[in-house]
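A short write-up of the structure that comes next.
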Amino acid sequence: MKFPVYSERPANTESVIPPLREIFRGTAVTVCEFTSADLRQGILREPDTVGFSLPGIIGEVSSYTDQIGETGLQEMSAAIHAGRVMLAICAGAYFPHRQTIYDPSWGQRRSRTPINHLIKGLAQGPVADMGGQYDPSLWPSDLSLCDVWHKTAGSTALNSTWHRTSVAYGNGPAFYPDNPDDPDLEPLAFYASVPGKPLAAASLQHGAGKILMLGVLPHIGYRDIPQMEGFAKVRQLMEDLKGHESGRQNFQRLIGERLRIQINTYLTLKNQ
């Protein structure tokens, strides 16, 4: 069984693959990569594909519209509808929405309203005063610390406990669903310090499958941030993350639980 991660630049594939391999350790699921060519050839609909990820990007200019486009979205929709799970992170979570707005305080406002979409709602960011302008000489330069309320690992949709922690944030979206009371929508995290406390992470039913949306980056821990000589912001971010590692790991375990549950659902459907 395989769980492919989109790999064409500027996709930040490398930050997603190690934590996914950790999530699937001890299972028969192999984490691999896929391209837009693989997408057109139907890799996501192959029977042994149990899910896939559209990661965040390096920088601020996404190429997903050109690389994946409407046809690729239809491929993704068909794959999820059959029971698979999509993990959409940061830029990858902006992309499938009915409307996306990227409006940084340091640059040009950009918006997108595709003809086809997977998610009925608005994805808008950067959130509040978090995040920052990307420095092309160093990838983590646009990361910051973000407070969230998240469901704890072991919580279910009907029986949930919540925990406040800080996690890495990289100009990702807040999610504003068209129907906040949609029974197919499970909130997984809220931005704790943003007015209205919009969604920072959620699970959305799509046919027999699910879309996991992450506007924040719980898969990035303090050990994943390099200590770059002379770059004080990155070193400080690593130290700040270190103090919240327990909560961050719990949040990441929640994401792993939701991925594994839906993969088991897909395998049950496939074997019927």
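Convention: chains lettered A, B, ... in structure tokens order; per-chain residue numbering from 1; ligands numbered from 1 as shown.
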Could you find all residues in stretch 39-228 of chain A that DSSP calls helix (DSSP H, G or I) from the backbone, and write them as an MDAnalysis selection string?
chainID A and resid 39:40 43:45 64:67 69:81 91:94 139:142 222:224
Put those residues in a file: N, CA and C atoms, as a JSON list (two decimals), in the first residue's frame.
[["chain", "number", "residue", "atom", "x", "y", "z"],
["A", 39, "LEU", "N", -0.21, 12.06, -11.58],
["A", 39, "LEU", "CA", -1.61, 12.39, -11.29],
["A", 39, "LEU", "C", -2.48, 12.17, -12.52],
["A", 40, "ARG", "N", -2.02, 12.66, -13.67],
["A", 40, "ARG", "CA", -2.78, 12.49, -14.91],
["A", 40, "ARG", "C", -2.91, 11.03, -15.32],
["A", 43, "ILE", "N", -2.48, 7.77, -10.65],
["A", 43, "ILE", "CA", -1.85, 7.15, -9.50],
["A", 43, "ILE", "C", -2.73, 7.18, -8.26],
["A", 44, "LEU", "N", -3.52, 8.24, -8.10],
["A", 44, "LEU", "CA", -4.32, 8.36, -6.89],
["A", 44, "LEU", "C", -5.50, 7.40, -6.86],
["A", 45, "ARG", "N", -5.87, 6.89, -8.04],
["A", 45, "ARG", "CA", -7.00, 5.95, -8.11],
["A", 45, "ARG", "C", -6.55, 4.50, -8.19],
["A", 64, "TYR", "N", 0.47, 25.27, -7.78],
["A", 64, "TYR", "CA", -0.52, 24.20, -7.85],
["A", 64, "TYR", "C", -1.58, 24.45, -8.91],
["A", 65, "THR", "N", -1.95, 25.70, -9.11],
["A", 65, "THR", "CA", -2.97, 25.98, -10.12],
["A", 65, "THR", "C", -2.50, 25.55, -11.50],
["A", 66, "ASP", "N", -1.25, 25.84, -11.84],
["A", 66, "ASP", "CA", -0.71, 25.46, -13.15],
["A", 66, "ASP", "C", -0.35, 23.99, -13.21],
["A", 67, "GLN", "N", 0.23, 23.45, -12.14],
["A", 67, "GLN", "CA", 0.70, 22.07, -12.16],
["A", 67, "GLN", "C", -0.44, 21.07, -12.08],
["A", 69, "GLY", "N", -4.18, 22.03, -11.55],
["A", 69, "GLY", "CA", -5.30, 22.55, -12.31],
["A", 69, "GLY", "C", -6.63, 21.86, -12.03],
["A", 70, "GLU", "N", -7.61, 22.17, -12.86],
["A", 70, "GLU", "CA", -8.96, 21.64, -12.68],
["A", 70, "GLU", "C", -9.00, 20.12, -12.90],
["A", 71, "THR", "N", -8.25, 19.64, -13.90],
["A", 71, "THR", "CA", -8.24, 18.20, -14.17],
["A", 71, "THR", "C", -7.66, 17.43, -13.00],
["A", 72, "GLY", "N", -6.58, 17.95, -12.42],
["A", 72, "GLY", "CA", -5.98, 17.29, -11.27],
["A", 72, "GLY", "C", -6.90, 17.30, -10.06],
["A", 73, "LEU", "N", -7.63, 18.39, -9.87],
["A", 73, "LEU", "CA", -8.61, 18.43, -8.78],
["A", 73, "LEU", "C", -9.68, 17.37, -8.96],
["A", 74, "GLN", "N", -10.10, 17.15, -10.19],
["A", 74, "GLN", "CA", -11.09, 16.11, -10.45],
["A", 74, "GLN", "C", -10.53, 14.74, -10.12],
["A", 75, "GLU", "N", -9.25, 14.51, -10.45],
["A", 75, "GLU", "CA", -8.60, 13.24, -10.10],
["A", 75, "GLU", "C", -8.58, 13.06, -8.58],
["A", 76, "MET", "N", -8.22, 14.12, -7.88],
["A", 76, "MET", "CA", -8.19, 14.06, -6.42],
["A", 76, "MET", "C", -9.57, 13.79, -5.85],
["A", 77, "SER", "N", -10.57, 14.48, -6.40],
["A", 77, "SER", "CA", -11.94, 14.30, -5.92],
["A", 77, "SER", "C", -12.39, 12.85, -6.07],
["A", 78, "ALA", "N", -12.10, 12.25, -7.22],
["A", 78, "ALA", "CA", -12.50, 10.86, -7.47],
["A", 78, "ALA", "C", -11.80, 9.92, -6.50],
["A", 79, "ALA", "N", -10.52, 10.18, -6.25],
["A", 79, "ALA", "CA", -9.76, 9.32, -5.34],
["A", 79, "ALA", "C", -10.31, 9.39, -3.93],
["A", 80, "ILE", "N", -10.60, 10.59, -3.46],
["A", 80, "ILE", "CA", -11.12, 10.75, -2.10],
["A", 80, "ILE", "C", -12.53, 10.18, -2.00],
["A", 81, "HIS", "N", -13.35, 10.46, -3.00],
["A", 81, "HIS", "CA", -14.74, 10.03, -2.98],
["A", 81, "HIS", "C", -14.87, 8.53, -2.80],
["A", 91, "ALA", "N", -0.21, 25.68, 1.88],
["A", 91, "ALA", "CA", -0.57, 26.01, 0.49],
["A", 91, "ALA", "C", -1.42, 24.92, -0.12],
["A", 92, "GLY", "N", -1.17, 23.67, 0.26],
["A", 92, "GLY", "CA", -1.98, 22.57, -0.23],
["A", 92, "GLY", "C", -3.39, 22.60, 0.29],
["A", 93, "ALA", "N", -3.62, 23.32, 1.40],
["A", 93, "ALA", "CA", -4.97, 23.46, 1.95],
["A", 93, "ALA", "C", -5.68, 24.69, 1.39],
["A", 94, "TYR", "N", -4.93, 25.71, 1.00],
["A", 94, "TYR", "CA", -5.55, 26.83, 0.28],
["A", 94, "TYR", "C", -6.18, 26.32, -1.03],
["A", 139, "TRP", "N", 14.85, 28.65, 3.99],
["A", 139, "TRP", "CA", 13.45, 28.22, 4.02],
["A", 139, "TRP", "C", 12.71, 28.57, 5.31],
["A", 140, "PRO", "N", 13.23, 28.30, 6.51],
["A", 140, "PRO", "CA", 12.38, 28.51, 7.69],
["A", 140, "PRO", "C", 12.14, 29.97, 8.05],
["A", 141, "SER", "N", 12.64, 30.89, 7.25],
["A", 141, "SER", "CA", 12.55, 32.31, 7.61],
["A", 141, "SER", "C", 11.12, 32.80, 7.77],
["A", 142, "ASP", "N", 10.14, 32.14, 7.12],
["A", 142, "ASP", "CA", 8.76, 32.61, 7.19],
["A", 142, "ASP", "C", 7.96, 31.88, 8.26],
["A", 222, "TYR", "N", 10.80, 21.12, 17.14],
["A", 222, "TYR", "CA", 11.98, 21.97, 17.31],
["A", 222, "TYR", "C", 13.25, 21.31, 16.75],
["A", 223, "ARG", "N", 13.28, 19.99, 16.70],
["A", 223, "ARG", "CA", 14.45, 19.32, 16.15],
["A", 223, "ARG", "C", 14.53, 19.46, 14.62],
["A", 224, "ASP", "N", 13.40, 19.85, 14.00],
["A", 224, "ASP", "CA", 13.36, 19.97, 12.54],
["A", 224, "ASP", "C", 13.81, 21.34, 12.05]]
Which residues are near stretch 236-244 of chain A? Cut-off 7 Å, only C-alpha atoms, ignore same chain within fewer than 5 positions. Put them as a list in words.
Ser144, Thr165, Ser166, Val167, Gly221, Tyr222 and Ile225 of chain A
Keeping C-alpha atoms for every residue in the selection just given, could you write it to a file as a compact mmCIF listing (two decimals), in the first residue's frame?
# COMPACT_ATOMS: atom_id res chain seq x y z
CA SER A 144 6.61 31.66 13.46
CA THR A 165 -0.42 24.66 22.71
CA SER A 166 1.86 26.46 20.28
CA VAL A 167 2.93 25.01 16.94
CA GLY A 221 9.08 20.07 15.81
CA TYR A 222 11.98 21.97 17.31
CA ILE A 225 14.51 23.60 12.58
Identify which of the residues A:Thr156, A:Thr49, A:Gln133, A:Ser203 lies closest to A:Gly215, counting only C-alpha atoms when measuring atom-to-atom distances.
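Counting only C-alpha atoms, the residue closest to A:Gly215 is A:Ser203.
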For A:Gln99, which residue out of A:Ser36, A:Gln124, A:Ser15, A:Thr113 is the nearest one, using only C-alpha atoms?
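Ranked by minimum distance to A:Gln99, first place goes to A:Thr113.
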What residues in stretch 15-175 of chain A get the DSSP label strand (DSSP E or B)? Please answer as a PyMOL selection string.
chain A and resi 30-34+49+51-54+57+85-89+97-102+110-112+119-125+135+138+144-151+162-169+174-175
For the selection just defined, write its residues with C-alpha atoms to a file, as a compact mmCIF listing (two decimals), in the first residue's frame.
# COMPACT_ATOMS: atom_id res chain seq x y z
CA THR A 30 4.80 3.12 2.22
CA VAL A 31 5.25 6.86 1.81
CA CYS A 32 6.38 7.82 -1.69
CA GLU A 33 6.25 10.78 -4.09
CA PHE A 34 4.09 11.68 -7.08
CA THR A 49 -3.12 4.04 -2.99
CA GLY A 51 -4.34 8.32 0.61
CA PHE A 52 -2.12 11.19 -0.48
CA SER A 53 -0.77 14.57 0.62
CA LEU A 54 -0.60 17.99 -0.98
CA ILE A 57 5.42 25.14 -0.41
CA VAL A 85 -7.84 10.39 2.68
CA MET A 86 -6.18 13.61 1.52
CA LEU A 87 -3.78 15.45 3.84
CA ALA A 88 -3.76 19.10 2.66
CA ILE A 89 -1.20 21.33 4.39
CA HIS A 97 -11.19 25.65 -1.53
CA ARG A 98 -14.04 27.41 -3.29
CA GLN A 99 -12.22 30.66 -2.63
CA THR A 100 -8.68 31.41 -1.50
CA ILE A 101 -7.30 34.77 -0.41
CA TYR A 102 -3.62 35.37 0.30
CA ARG A 110 -3.92 37.45 -4.41
CA SER A 111 -7.20 35.58 -4.70
CA ARG A 112 -8.51 32.57 -6.57
CA ILE A 119 -14.14 22.34 -0.24
CA LYS A 120 -17.10 24.68 0.09
CA GLY A 121 -15.55 27.55 1.97
CA LEU A 122 -12.93 30.27 2.16
CA ALA A 123 -9.27 29.72 2.99
CA GLN A 124 -7.68 33.03 3.97
CA GLY A 125 -4.27 34.01 5.26
CA ASP A 135 13.75 34.98 2.70
CA LEU A 138 16.65 30.29 4.02
CA SER A 144 6.61 31.66 13.46
CA LEU A 145 4.87 30.33 16.56
CA CYS A 146 1.08 30.08 16.66
CA ASP A 147 -1.28 29.34 19.57
CA VAL A 148 -4.07 26.85 18.89
CA TRP A 149 -6.74 24.94 20.73
CA HIS A 150 -6.64 21.39 19.36
CA LYS A 151 -8.41 18.15 20.06
CA TRP A 162 -9.13 20.11 23.99
CA HIS A 163 -5.65 21.39 24.75
CA ARG A 164 -3.94 24.71 24.11
CA THR A 165 -0.42 24.66 22.71
CA SER A 166 1.86 26.46 20.28
CA VAL A 167 2.93 25.01 16.94
CA ALA A 168 4.84 26.18 13.89
CA TYR A 169 3.02 28.42 11.44
CA ALA A 174 -7.69 30.05 8.42
CA PHE A 175 -10.71 28.06 7.26
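If you look at atom CA of A:Asn116 and atom CA of A:Ile68, they are 12.1 Å away from each other.
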Within 12 Å of A:Ala28, counting only C-alpha atoms, which residues show up once you throw out same-chain ones fewer than 6 positions away? Write them as a list in words, please.
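Within the cut-off, the hits are Met1, Lys2, Phe3, Arg21, Asp48, Thr49, Val50, Arg260, Ile263, Asn264 and Leu267 of chain A.
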Put those residues in a file: C-alpha atoms, as a short mmCIF file (atom, residue, chain, number, x, y, z; two decimals), in the first residue's frame.
data_model
loop_
_atom_site.label_atom_id
_atom_site.label_comp_id
_atom_site.auth_asym_id
_atom_site.auth_seq_id
_atom_site.Cartn_x
_atom_site.Cartn_y
_atom_site.Cartn_z
CA MET A 1 0.00 0.00 0.00
CA LYS A 2 1.24 3.50 -0.72
CA PHE A 3 0.63 7.06 0.45
CA ARG A 21 6.77 7.63 7.78
CA ASP A 48 -3.13 0.25 -3.43
CA THR A 49 -3.12 4.04 -2.99
CA VAL A 50 -4.72 4.55 0.43
CA ARG A 260 -5.08 5.72 10.03
CA ILE A 263 -7.21 4.35 5.68
CA ASN A 264 -8.78 1.43 7.57
CA LEU A 267 -9.47 -0.85 3.07
#
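Among the candidate residues A:Val127, A:Ala82, A:Val16, A:Ile211, the one lying nearest to A:Leu269 is A:Ala82, with distances computed using only C-alpha atoms.
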Nearest to A:Ser7, chosen from A:Val216, A:Ala128, A:Ala37, A:Leu188, with only C-alpha atoms counted in the distances
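With only C-alpha atoms as the atom set, the closest residue is A:Ala37.
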Pick out the residues sitting within 9 Å of A:Leu185, and hand them over as JSON, numbers by chain; count only C-alpha atoms, and ignore anything fewer than 2 positions along from it in its own chain.
{"A": [177, 179, 180, 181, 182, 183, 187, 202, 203, 204, 205]}
Based on the selection just made, write N, CA and C atoms of those residues as a PDB file, in the first residue's frame.
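Result saved to again-v6.pdb:
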ATOM      1  N   PRO A 177     -15.680  27.673   6.625  1.00  0.00           N
ATOM      2  CA  PRO A 177     -16.603  26.859   5.823  1.00  0.00           C
ATOM      3  C   PRO A 177     -17.898  27.596   5.536  1.00  0.00           C
ATOM      4  N   ASN A 179     -20.743  26.365   5.579  1.00  0.00           N
ATOM      5  CA  ASN A 179     -21.688  25.913   6.598  1.00  0.00           C
ATOM      6  C   ASN A 179     -20.908  25.422   7.814  1.00  0.00           C
ATOM      7  N   PRO A 180     -20.671  26.291   8.800  1.00  0.00           N
ATOM      8  CA  PRO A 180     -19.896  25.878   9.977  1.00  0.00           C
ATOM      9  C   PRO A 180     -20.525  24.721  10.747  1.00  0.00           C
ATOM     10  N   ASP A 181     -21.829  24.507  10.564  1.00  0.00           N
ATOM     11  CA  ASP A 181     -22.528  23.432  11.269  1.00  0.00           C
ATOM     12  C   ASP A 181     -22.674  22.178  10.419  1.00  0.00           C
ATOM     13  N   ASP A 182     -21.948  22.117   9.328  1.00  0.00           N
ATOM     14  CA  ASP A 182     -21.996  20.950   8.446  1.00  0.00           C
ATOM     15  C   ASP A 182     -21.678  19.684   9.252  1.00  0.00           C
ATOM     16  N   PRO A 183     -22.573  18.691   9.275  1.00  0.00           N
ATOM     17  CA  PRO A 183     -22.300  17.469  10.044  1.00  0.00           C
ATOM     18  C   PRO A 183     -21.120  16.671   9.496  1.00  0.00           C
ATOM     19  N   PRO A 187     -14.169  19.902  13.377  1.00  0.00           N
ATOM     20  CA  PRO A 187     -13.074  20.792  13.769  1.00  0.00           C
ATOM     21  C   PRO A 187     -12.008  20.019  14.544  1.00  0.00           C
ATOM     22  N   ALA A 202      -9.061  20.858  10.301  1.00  0.00           N
ATOM     23  CA  ALA A 202     -10.384  20.230  10.279  1.00  0.00           C
ATOM     24  C   ALA A 202     -10.343  18.983   9.409  1.00  0.00           C
ATOM     25  N   SER A 203     -11.328  18.135   9.624  1.00  0.00           N
ATOM     26  CA  SER A 203     -11.547  16.955   8.794  1.00  0.00           C
ATOM     27  C   SER A 203     -12.905  17.113   8.119  1.00  0.00           C
ATOM     28  N   LEU A 204     -12.937  16.889   6.820  1.00  0.00           N
ATOM     29  CA  LEU A 204     -14.162  17.067   6.047  1.00  0.00           C
ATOM     30  C   LEU A 204     -14.470  15.806   5.254  1.00  0.00           C
ATOM     31  N   GLN A 205     -15.670  15.281   5.438  1.00  0.00           N
ATOM     32  CA  GLN A 205     -16.111  14.118   4.667  1.00  0.00           C
ATOM     33  C   GLN A 205     -16.300  14.501   3.209  1.00  0.00           C
TER      34      GLN A 205
END
In Å, rounded to a single decimal, give me how far atom CA of A:Leu199 is from atom CA of A:Pro173.
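Between these atoms lies a distance of 8.9 Å.
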Give me the stretch 128-225 of chain A side of the contact with stretch 251-257 of chain A, cut-off 7 Å, one line per residue showing its nearest atom pair and distance in Å at one decimal, counting only C-alpha atoms, sorted by chain and residue number, as a tab-separated table.
residue	atom	partner	partner_atom	distance
A:His150	CA	A:Phe251	CA	6.6
A:Thr152	CA	A:Phe251	CA	6.3
A:Ala153	CA	A:Leu254	CA	4.3
A:Gly154	CA	A:Leu254	CA	7.0
A:Pro218	CA	A:Gln252	CA	5.5
A:His219	CA	A:Gln252	CA	6.0
Which of these, A:Gly172, A:Glu245, A:Glu186, A:Gly196, has the shortest distance to A:Ala157 once you count only C-alpha atoms?
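Closest residue, counting only C-alpha atoms: A:Glu186.
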